[in-house]
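S.K.: Pasting run.txt below, which is compact mmCIF, C-alpha atoms.
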```
# COMPACT_ATOMS: atom_id res chain seq x y z
CA MET A 8 56.47 -3.03 18.87
CA LYS A 9 58.04 -2.90 22.30
CA PRO A 10 61.85 -3.26 22.37
CA VAL A 11 61.58 -6.05 24.92
CA LEU A 12 59.38 -8.02 22.57
CA TRP A 13 61.84 -7.54 19.72
CA ALA A 14 64.60 -8.73 22.02
CA LEU A 15 62.60 -11.82 22.87
CA LEU A 16 61.96 -12.43 19.20
CA LEU A 17 65.65 -12.83 18.63
CA LEU A 18 65.25 -16.01 20.62
CA ALA A 19 62.05 -17.08 18.97
CA PRO A 20 61.53 -19.58 16.17
CA VAL A 21 61.22 -19.55 12.02
CA THR A 22 60.22 -21.17 8.76
CA GLY A 23 61.59 -23.79 6.45
CA LEU A 24 62.65 -27.28 7.45
CA ALA A 25 65.26 -27.73 4.75
CA ARG A 26 68.73 -26.75 5.83
CA PRO A 27 68.87 -22.97 5.62
CA VAL A 28 72.68 -22.65 5.55
CA SER A 29 74.56 -24.34 2.74
CA TYR A 30 78.25 -24.84 1.96
CA VAL A 31 80.47 -21.80 1.51
CA GLY A 32 79.83 -20.29 -1.90
CA GLY A 33 76.61 -22.25 -2.39
CA TRP A 34 73.25 -20.93 -3.53
CA THR A 35 69.98 -22.50 -2.48
CA LEU A 36 66.43 -22.11 -3.75
CA ILE A 37 63.68 -23.03 -1.28
CA GLU A 38 60.01 -23.01 -2.26
CA GLU A 39 57.36 -23.73 0.33
CA SER A 40 53.61 -23.85 0.01
CA ASN A 41 51.41 -24.75 2.93
CA ARG A 42 47.87 -24.04 4.10
CA GLN A 43 48.70 -20.42 4.96
CA SER A 44 51.28 -19.11 2.51
CA THR A 45 53.43 -19.71 -0.54
CA SER A 46 57.03 -18.57 -0.39
CA ALA A 47 60.31 -18.57 -2.24
CA LEU A 48 63.68 -17.98 -0.67
CA VAL A 49 66.96 -17.71 -2.55
CA HIS A 50 69.98 -17.58 -0.31
CA TYR A 51 73.74 -17.45 -0.57
CA THR A 52 76.14 -18.86 2.02
CA PRO A 53 79.25 -16.70 2.48
CA THR A 54 80.55 -18.44 5.62
CA PRO A 55 79.87 -21.81 7.26
CA ALA A 56 77.63 -20.11 9.82
CA TRP A 57 75.65 -17.61 7.78
CA SER A 58 73.38 -17.39 4.81
CA VAL A 59 71.73 -14.30 3.41
CA GLY A 60 68.72 -14.48 1.17
CA LEU A 61 65.78 -12.77 -0.42
CA ARG A 62 62.38 -14.02 0.68
CA ASN A 63 59.09 -13.52 -1.11
CA GLU A 64 56.07 -14.86 0.71
CA TRP A 65 52.45 -14.56 -0.30
CA MET A 66 50.18 -14.70 2.74
CA ARG A 67 47.12 -16.08 1.01
CA ASP A 68 44.73 -15.75 3.92
CA THR A 69 45.46 -12.09 4.61
CA ASP A 70 46.20 -10.98 1.06
CA TYR A 71 49.65 -9.47 1.23
CA LEU A 72 53.09 -10.17 -0.14
CA LEU A 73 56.11 -10.09 2.15
CA THR A 74 59.43 -9.23 0.53
CA ALA A 75 62.36 -9.33 2.91
CA ILE A 76 66.09 -9.77 3.26
CA GLN A 77 66.58 -12.85 5.40
CA PRO A 78 69.82 -13.62 7.23
CA THR A 79 70.09 -17.04 8.85
CA TYR A 80 72.64 -17.94 11.48
CA LEU A 81 73.76 -21.43 12.38
CA LEU A 82 73.90 -21.11 16.14
CA LYS A 83 75.02 -24.65 16.87
CA ARG A 84 75.71 -27.88 15.03
CA TRP A 85 76.30 -31.22 16.65
CA PHE A 86 78.16 -33.89 14.77
CA GLY A 87 78.21 -37.60 15.28
CA ARG A 88 79.19 -40.49 13.11
CA ASP A 89 75.52 -41.32 12.60
CA TYR A 90 73.69 -38.09 13.28
CA GLN A 91 73.65 -34.37 12.89
CA ALA A 92 71.69 -31.76 14.83
CA ASN A 93 71.37 -28.05 14.31
CA ILE A 94 69.93 -24.89 15.78
CA TYR A 95 69.42 -21.92 13.49
CA LEU A 96 68.24 -18.39 14.17
CA HIS A 97 66.77 -16.33 11.42
CA GLY A 98 65.08 -13.04 10.89
CA GLY A 99 64.10 -10.66 8.19
CA LEU A 100 63.23 -7.08 7.44
CA GLY A 101 61.30 -5.92 4.44
CA VAL A 102 58.02 -4.70 3.06
CA ALA A 103 54.52 -6.12 3.16
CA THR A 104 52.45 -5.14 0.12
CA ALA A 105 48.73 -5.66 -0.39
CA THR A 106 47.60 -8.14 -3.04
CA SER A 107 44.31 -9.36 -4.49
CA GLY A 108 42.51 -6.03 -4.13
CA ASN A 109 43.49 -5.57 -0.51
CA PRO A 110 43.27 -1.75 0.05
CA LEU A 111 45.87 -1.61 2.81
CA GLY A 112 48.81 -0.55 0.63
CA SER A 113 52.23 -1.39 1.97
CA THR A 114 54.13 -1.23 5.23
CA ALA A 115 57.38 -2.27 6.86
CA ALA A 116 57.50 -5.84 8.13
CA GLY A 117 59.84 -8.00 10.12
CA PHE A 118 60.11 -11.49 11.46
CA ALA A 119 62.31 -13.60 13.68
CA GLY A 120 62.49 -17.26 14.41
CA VAL A 121 64.37 -20.37 15.32
CA MET A 122 64.69 -23.80 13.82
CA ALA A 123 66.12 -26.99 15.28
CA ASP A 124 66.57 -30.42 13.80
CA TRP A 125 68.09 -33.79 14.56
CA GLU A 126 68.65 -36.28 11.80
CA THR A 127 70.10 -39.68 11.13
CA ARG A 128 69.81 -41.62 7.89
CA ARG A 129 66.58 -43.19 9.13
CA LEU A 130 65.03 -40.76 11.62
CA PHE A 131 64.26 -37.08 11.60
CA ALA A 132 62.84 -34.65 14.15
CA GLY A 133 62.49 -30.96 13.62
CA TYR A 134 60.99 -27.88 15.18
CA ASN A 135 60.45 -24.59 13.47
CA ALA A 136 58.74 -21.39 14.55
CA ARG A 137 58.40 -17.79 13.52
CA TYR A 138 56.81 -14.59 14.69
CA LEU A 139 55.93 -12.09 11.96
CA ASP A 140 54.95 -8.46 12.45
CA ALA A 141 53.48 -7.05 9.26
CA GLY A 142 52.35 -3.68 10.57
CA HIS A 143 48.75 -2.87 9.74
CA PHE A 144 48.36 -6.27 8.08
CA GLY A 145 48.69 -7.72 11.55
CA ASP A 146 51.08 -10.06 13.28
CA SER A 147 51.15 -13.83 13.26
CA ALA A 148 52.95 -16.70 14.90
CA MET A 149 53.50 -20.24 13.79
CA GLN A 150 55.28 -23.32 15.01
CA VAL A 151 55.81 -26.61 13.30
CA PHE A 152 56.88 -29.99 14.63
CA ARG A 153 57.96 -32.64 12.22
CA PHE A 154 58.90 -36.28 12.57
CA GLY A 155 60.21 -38.49 9.82
CA TRP A 156 61.23 -42.05 9.10
CA ALA A 157 63.08 -43.40 6.09
CA PRO A 158 62.12 -46.95 5.16
CA TYR A 159 65.58 -47.56 3.71
CA GLU A 160 69.00 -45.93 3.74
CA GLY A 161 69.72 -44.39 0.38
CA ASP A 162 73.34 -44.03 -0.62
CA THR A 163 74.95 -41.12 -2.40
CA ASN A 164 73.07 -39.98 -5.50
CA GLU A 165 70.33 -42.55 -4.94
CA LEU A 166 66.71 -41.62 -4.33
CA HIS A 167 66.07 -41.08 -0.63
CA THR A 168 62.47 -41.46 0.51
CA TRP A 169 61.03 -40.29 3.82
CA LEU A 170 57.62 -40.67 5.41
CA MET A 171 56.90 -37.64 7.55
CA LEU A 172 54.24 -36.21 9.80
CA GLU A 173 53.95 -32.49 10.38
CA VAL A 174 51.97 -30.86 13.15
CA ASP A 175 51.62 -27.11 12.91
CA GLN A 176 50.03 -24.37 14.95
CA ARG A 177 49.26 -21.05 13.28
CA SER A 178 47.59 -17.98 14.66
CA GLY A 179 44.69 -16.41 12.80
CA LEU A 180 43.46 -19.60 11.18
CA GLU A 181 40.18 -21.30 12.02
CA ASP A 182 41.95 -24.57 12.72
CA SER A 183 44.96 -23.35 14.63
CA VAL A 184 46.43 -26.83 14.95
CA SER A 185 46.62 -29.17 11.99
CA ILE A 186 48.24 -32.39 10.84
CA THR A 187 49.91 -33.02 7.50
CA PRO A 188 51.35 -36.37 6.44
CA LEU A 189 53.88 -35.98 3.67
CA LEU A 190 56.43 -37.73 1.54
CA ARG A 191 59.94 -36.39 1.11
CA PHE A 192 61.98 -37.35 -1.93
CA PHE A 193 65.62 -36.48 -1.92
CA LYS A 194 68.22 -37.00 -4.63
CA GLY A 195 71.51 -35.20 -5.07
CA PRO A 196 70.96 -31.43 -4.79
CA ALA A 197 67.14 -31.63 -5.05
CA LEU A 198 64.50 -32.22 -2.39
CA LEU A 199 60.75 -32.44 -2.99
CA GLU A 200 58.04 -32.75 -0.35
CA LEU A 201 54.43 -33.54 -1.14
CA GLY A 202 51.74 -33.69 1.50
CA PHE A 203 48.13 -32.96 2.26
CA ASN A 204 46.78 -31.23 5.33
CA LEU A 205 44.11 -33.47 6.86
CA THR A 206 42.72 -30.87 9.26
CA ASP A 207 42.56 -27.88 6.95
CA PRO A 208 42.34 -29.62 3.55
CA SER A 209 45.09 -28.15 1.42
CA PRO A 210 48.26 -29.36 -0.28
CA LEU A 211 51.78 -29.00 1.02
CA ILE A 212 54.41 -28.63 -1.69
CA ASN A 213 58.00 -27.85 -0.79
CA PHE A 214 61.01 -27.89 -3.06
CA THR A 215 64.67 -27.20 -2.36
CA PHE A 216 67.55 -27.11 -4.79
CA ARG A 217 71.21 -26.43 -4.07
CA PHE A 218 73.54 -25.21 -6.74
CA MET B 5 48.21 -18.17 26.64
CA THR B 6 48.69 -16.68 23.20
CA LEU B 7 50.26 -18.59 20.37
CA PHE B 8 53.22 -16.25 20.50
CA THR B 9 53.78 -16.96 24.17
CA GLN B 10 53.43 -20.68 23.58
CA THR B 11 55.85 -20.51 20.69
CA LEU B 12 58.39 -18.52 22.64
CA SER B 13 58.10 -20.84 25.63
CA ILE B 14 58.61 -23.96 23.56
CA SER B 15 61.51 -22.36 21.73
CA LEU B 16 63.24 -21.44 24.95
CA LEU B 17 62.53 -24.85 26.45
CA LEU B 18 64.13 -26.41 23.39
CA ILE B 19 67.08 -24.11 22.99
CA VAL B 20 68.27 -23.61 26.54
CA PRO B 21 68.80 -27.33 27.29
CA MET B 22 70.41 -27.84 23.89
CA LEU B 23 72.84 -25.00 24.45
CA ALA B 24 73.59 -26.27 27.92
CA LEU B 25 74.23 -29.70 26.46
CA ALA B 26 76.39 -28.12 23.79
CA GLN B 27 78.48 -26.36 26.38
CA HIS B 28 78.85 -29.65 28.24
CA ASP B 29 79.83 -31.40 25.03
CA HIS B 30 82.32 -28.73 24.19
CA HIS B 31 84.21 -29.44 27.37
CA GLU B 32 83.95 -33.18 27.43
CA THR B 33 83.75 -34.45 23.89
CA HIS B 34 84.67 -33.56 20.40
CA GLY B 35 81.38 -34.65 18.93
CA SER B 36 79.94 -31.20 18.69
CA HIS B 37 80.98 -28.16 16.83
CA SER B 38 79.55 -24.73 17.04
CA ALA B 39 79.35 -22.20 14.33
CA LEU B 40 80.52 -19.98 17.14
CA ASP B 41 83.73 -21.96 17.31
CA HIS B 42 84.95 -19.86 14.42
CA PRO B 43 85.64 -22.49 11.78
CA GLU B 44 88.41 -20.41 10.32
CA ALA B 45 90.39 -21.32 13.39
CA HIS B 46 90.84 -24.76 11.95
CA MET B 47 93.15 -23.22 9.43
CA HIS B 48 95.46 -21.96 12.11
CA HIS B 49 95.16 -24.36 15.01
CA PRO B 50 93.99 -27.68 13.65
CA ALA B 51 95.78 -29.66 16.32
CA GLN B 52 93.82 -27.90 19.04
CA GLU B 53 90.50 -28.35 17.30
CA GLN B 54 90.92 -31.86 15.99
CA PRO B 55 92.44 -34.08 18.65
CA GLU B 56 90.78 -37.12 17.12
CA GLN B 57 92.81 -36.58 14.03
CA THR B 58 94.82 -39.49 12.80
CA ASP B 59 97.03 -39.70 9.82
CA ALA B 60 97.80 -43.34 9.68
CA GLU B 61 97.76 -46.20 7.34
CA GLY B 62 94.66 -47.24 9.15
CA PRO B 63 91.93 -49.71 8.36
CA ALA B 64 89.89 -47.33 6.22
CA GLU B 65 88.97 -48.51 2.77
CA MET B 66 88.49 -46.28 -0.22
CA THR B 67 85.22 -46.68 -2.05
CA THR B 68 85.85 -46.61 -5.74
CA THR B 69 83.86 -45.19 -8.60
CA ALA B 70 84.76 -45.05 -12.28
CA GLU B 71 86.13 -41.53 -11.74
CA ILE B 72 88.20 -42.60 -8.76
CA GLU B 73 89.55 -45.67 -10.54
CA ALA B 74 90.59 -43.52 -13.49
CA ALA B 75 92.30 -41.02 -11.22
CA LEU B 76 94.16 -43.80 -9.41
CA ALA B 77 95.21 -45.30 -12.73
CA ASP B 78 96.71 -41.91 -13.61
CA GLY B 79 98.91 -42.09 -10.54
CA GLY B 80 96.69 -40.17 -8.16
CA LYS B 81 97.16 -40.41 -4.41
CA PRO B 82 94.24 -41.85 -2.44
CA VAL B 83 93.02 -40.22 0.76
CA VAL B 84 90.05 -41.30 2.86
CA ALA B 85 88.66 -38.96 5.48
CA GLU B 86 86.11 -40.09 8.03
CA VAL B 87 83.46 -37.40 8.27
CA LEU B 88 81.10 -36.65 11.13
CA GLY B 89 77.55 -35.58 10.45
CA VAL B 90 77.19 -36.90 6.93
CA VAL B 91 73.64 -38.21 6.86
CA CYS B 92 72.11 -37.13 3.57
CA ASP B 93 72.70 -36.30 -0.06
CA PHE B 94 72.92 -32.56 0.68
CA CYS B 95 75.97 -33.41 2.76
CA ALA B 96 77.51 -35.32 -0.11
CA THR B 97 76.68 -32.55 -2.55
CA ALA B 98 78.35 -29.96 -0.33
CA MET B 99 81.52 -32.00 0.03
CA ASN B 100 81.63 -32.74 -3.68
CA LYS B 101 81.25 -29.05 -4.52
CA ILE B 102 83.90 -27.84 -2.09
CA PHE B 103 86.52 -30.51 -2.75
CA GLY B 104 85.71 -30.91 -6.42
CA ALA B 105 86.56 -27.25 -6.99
CA ARG B 106 90.15 -27.72 -5.80
CA GLU B 107 92.81 -28.20 -8.44
CA GLU B 108 94.61 -30.67 -6.17
CA VAL B 109 91.64 -33.05 -6.35
CA ALA B 110 91.35 -35.39 -9.33
CA ALA B 111 88.32 -37.29 -8.04
CA VAL B 112 85.98 -37.11 -5.08
CA TYR B 113 83.21 -39.34 -3.80
CA VAL B 114 81.29 -39.18 -0.53
CA ASP B 115 80.05 -42.57 0.62
CA LEU B 116 77.10 -42.22 2.97
CA ASP B 117 77.35 -45.88 3.96
CA THR B 118 80.91 -45.59 5.23
CA LYS B 119 80.59 -41.88 6.16
CA ALA B 120 83.79 -41.29 4.28
CA LEU B 121 85.11 -38.66 1.96
CA ASN B 122 87.12 -40.42 -0.74
CA LEU B 123 89.66 -38.25 -2.49
CA VAL B 124 92.23 -38.90 -5.17
CA LEU B 125 94.85 -36.17 -5.33
CA ARG B 126 96.63 -35.36 -8.55
CA PRO B 127 100.18 -36.81 -8.55
CA GLU B 128 101.81 -33.39 -8.62
CA TYR B 129 99.74 -31.99 -5.73
CA ASP B 130 99.02 -32.63 -2.10
CA LEU B 131 96.48 -31.48 0.48
CA ASP B 132 97.65 -31.36 4.08
CA ASP B 133 95.39 -32.42 6.90
CA SER B 134 94.62 -28.90 8.06
CA THR B 135 93.50 -27.91 4.58
CA ILE B 136 91.24 -30.96 4.33
CA GLU B 137 89.77 -30.10 7.72
CA MET B 138 89.24 -26.49 6.71
CA LEU B 139 87.52 -27.47 3.49
CA ALA B 140 85.25 -29.86 5.38
CA VAL B 141 84.26 -27.01 7.70
CA GLN B 142 83.45 -24.88 4.66
CA ALA B 143 81.19 -27.67 3.49
CA GLY B 144 79.54 -27.69 6.91
CA TYR B 145 81.01 -30.87 8.32
CA ARG B 146 83.88 -32.12 10.41
CA ILE B 147 86.69 -34.57 9.86
CA ALA B 148 87.21 -37.32 12.44
CA ALA B 149 90.25 -39.00 10.90
CA ILE B 150 92.33 -38.97 7.75
CA HIS B 151 93.90 -42.03 6.19
CA ARG B 152 96.60 -41.46 3.63
CA ASN B 153 97.11 -45.00 2.43
CA PRO B 154 93.71 -46.65 2.51
CA ALA B 155 92.91 -50.04 1.17
CA ILE B 156 91.16 -49.89 -2.17
CA ALA B 157 87.79 -51.61 -2.12
CA ALA B 158 85.43 -52.22 -4.95
CA ARG B 159 82.18 -50.38 -4.56
```
Could you render the structure as structure tokens?
M.R.:
Amino acid sequence: MKPVLWALLLLAPVTGLARPVSYVGGWTLIEESNRQSTSALVHYTPTPAWSVGLRNEWMRDTDYLLTAIQPTYLLKRWFGRDYQANIYLHGGLGVATATSGNPLGSTAAGFAGVMADWETRRLFAGYNARYLDAGHFGDSAMQVFRFGWAPYEGDTNELHTWLMLEVDQRSGLEDSVSITPLLRFFKGPALLELGFNLTDPSPLINFTFRF
Amino acid sequence: MTLFTQTLSISLLLIVPMLALAQHDHHETHGSHSALDHPEAHMHHPAQEQPEQTDAEGPAEMTTTAEIEAALADGGKPVVAEVLGVVCDFCATAMNKIFGAREEVAAVYVDLDTKALNLVLRPEYDLDDSTIEMLAVQAGYRIAAIHRNPAIAAR
């Protein structure tokens, strides 16, 4: 890949709409399953601005498994009494390995992305994008917009419920743009999202746990 | 236009104005905080980083829980810190983990309604303002004000 393109990718977007940097010393498990892939990321946060994790992602449509070290950097956080907003950069380097009888073997792979969100206790807006180069398995790009509304304000350790709408665009899929309504349930260190893609009928199941 | 180009364009359109706004905020307000601001600096120069800081017997009220009431009954010292950016349970979990691990802290509770970190310090210990600020940064948040003698309110 051309160096200029790699340089541009450092400014390009990622994956995962749950906060990818935790508190110092914290571990986080993030599972995501959407119409294109199923992934698990375990990360550790050594400083307030960085997390480093191990990502495993099964690209179901192209039959390969991505295993990568993923650093995530909190580029900017805005604080207000009633809101928080963030911009994160993330990337990863690893190996893509064929699955499900795919004869392509394995190859080096890398990705880069950006994520941004703005959140109050009742409203949420997020953007997330990633470019992935998986060598002879091909490259792909995705971007996701998400909007959410909480019908009530949950207090500490209560169940928080969100109604959300996700619009994604993914290269290489027959329906490049799709819409997924989903429910987010949030309590203490655990977050669960359940949705169904209306355009490309498939479930969305995301789970995050901090410990 | 390829999806990659579209993605990159949207990303840049999103990020550049936000960073410009952030730079503006950095000069004119204290409502933003960058990871690039080197949070460790709070440990050394809290007065420069936290001009909103107060340490007064202000109007803040402490939200009580059974744990907090027990700690107060044991002679603990109440502290209420107003926190910026606390909007969800992950925020509360982070603050509980960071502050709850300190031996100075007998009880901790983050109230999302009041956006306050409620601490009860053990009688034999203390936590100065700069340490509280530094711990909040480690949790990913920022202190707006600290009240050392808050009113005690029933939850």
S.K.: Please find the residues of chain A near chain B - the criterion being any atom within 6 Å, counting only C-alpha atoms - and write them as a PyMOL selection string.
M.R.: chain A and resi 19+30-31+55-56+81-88+90-91+127-128+148+162-163+195-196
S.K.: May I have the residues from that selection written out with C-alpha atoms, as a short mmCIF file (atom, residue, chain, number, x, y, z; two decimals), keeping the file's coordinate frame?
M.R.:
```
data_model
loop_
_atom_site.label_atom_id
_atom_site.label_comp_id
_atom_site.auth_asym_id
_atom_site.auth_seq_id
_atom_site.Cartn_x
_atom_site.Cartn_y
_atom_site.Cartn_z
CA ALA A 19 62.05 -17.08 18.97
CA TYR A 30 78.25 -24.84 1.96
CA VAL A 31 80.47 -21.80 1.51
CA PRO A 55 79.87 -21.81 7.26
CA ALA A 56 77.63 -20.11 9.82
CA LEU A 81 73.76 -21.43 12.38
CA LEU A 82 73.90 -21.11 16.14
CA LYS A 83 75.02 -24.65 16.87
CA ARG A 84 75.71 -27.88 15.03
CA TRP A 85 76.30 -31.22 16.65
CA PHE A 86 78.16 -33.89 14.77
CA GLY A 87 78.21 -37.60 15.28
CA ARG A 88 79.19 -40.49 13.11
CA TYR A 90 73.69 -38.09 13.28
CA GLN A 91 73.65 -34.37 12.89
CA THR A 127 70.10 -39.68 11.13
CA ARG A 128 69.81 -41.62 7.89
CA ALA A 148 52.95 -16.70 14.90
CA ASP A 162 73.34 -44.03 -0.62
CA THR A 163 74.95 -41.12 -2.40
CA GLY A 195 71.51 -35.20 -5.07
CA PRO A 196 70.96 -31.43 -4.79
#
```
S.K.: From the list A:Gln43, A:Pro110, A:Trp169, A:Tyr71, which residue is nearest Ser185 of chain A when using only C-alpha atoms?
M.R.: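 Residue with the minimum atom-to-atom distance to Ser185 of chain A: A:Gln43.
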S.K.: List the neighbours of segment 137-140 of chain A out to 6 Å using only C-alpha atoms; skip same-chain residues closer than 5 positions along the sequence, and give me the result as a list of chain:residue names.
M.R.: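 Near segment 137-140 of chain A, the qualifying residues are A:Pro20, A:Val21, A:Ala116, A:Gly117, A:Phe118, A:Ala119, A:Gly120, A:Asp146, A:Ser147, A:Ala148, A:Met149.
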S.K.: For a quick check of understanding, using all atoms listed in the file, which of A:Leu190, A:Glu173, A:Ile37, A:Asn109 has the smallest distance to Thr206 of chain A?
M.R.: A:Glu173
S.K.: Of the residues B:Ile72, B:Ala64, B:Val83, B:Phe103, which is the one nearest to Met138 of chain B, using all atoms listed in the file?
M.R.: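 Using all atoms listed in the file, the shortest distance to Met138 of chain B belongs to B:Phe103.
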S.K.: Could you name the residues that touch Tyr129 of chain B at 8 Å or less, counting all atoms listed in the file, but leaving out those on the same chain fewer than 3 positions away, as a list of chain:residue names?
M.R.: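 The neighbour list is B:Glu108, B:Leu125, B:Arg126.
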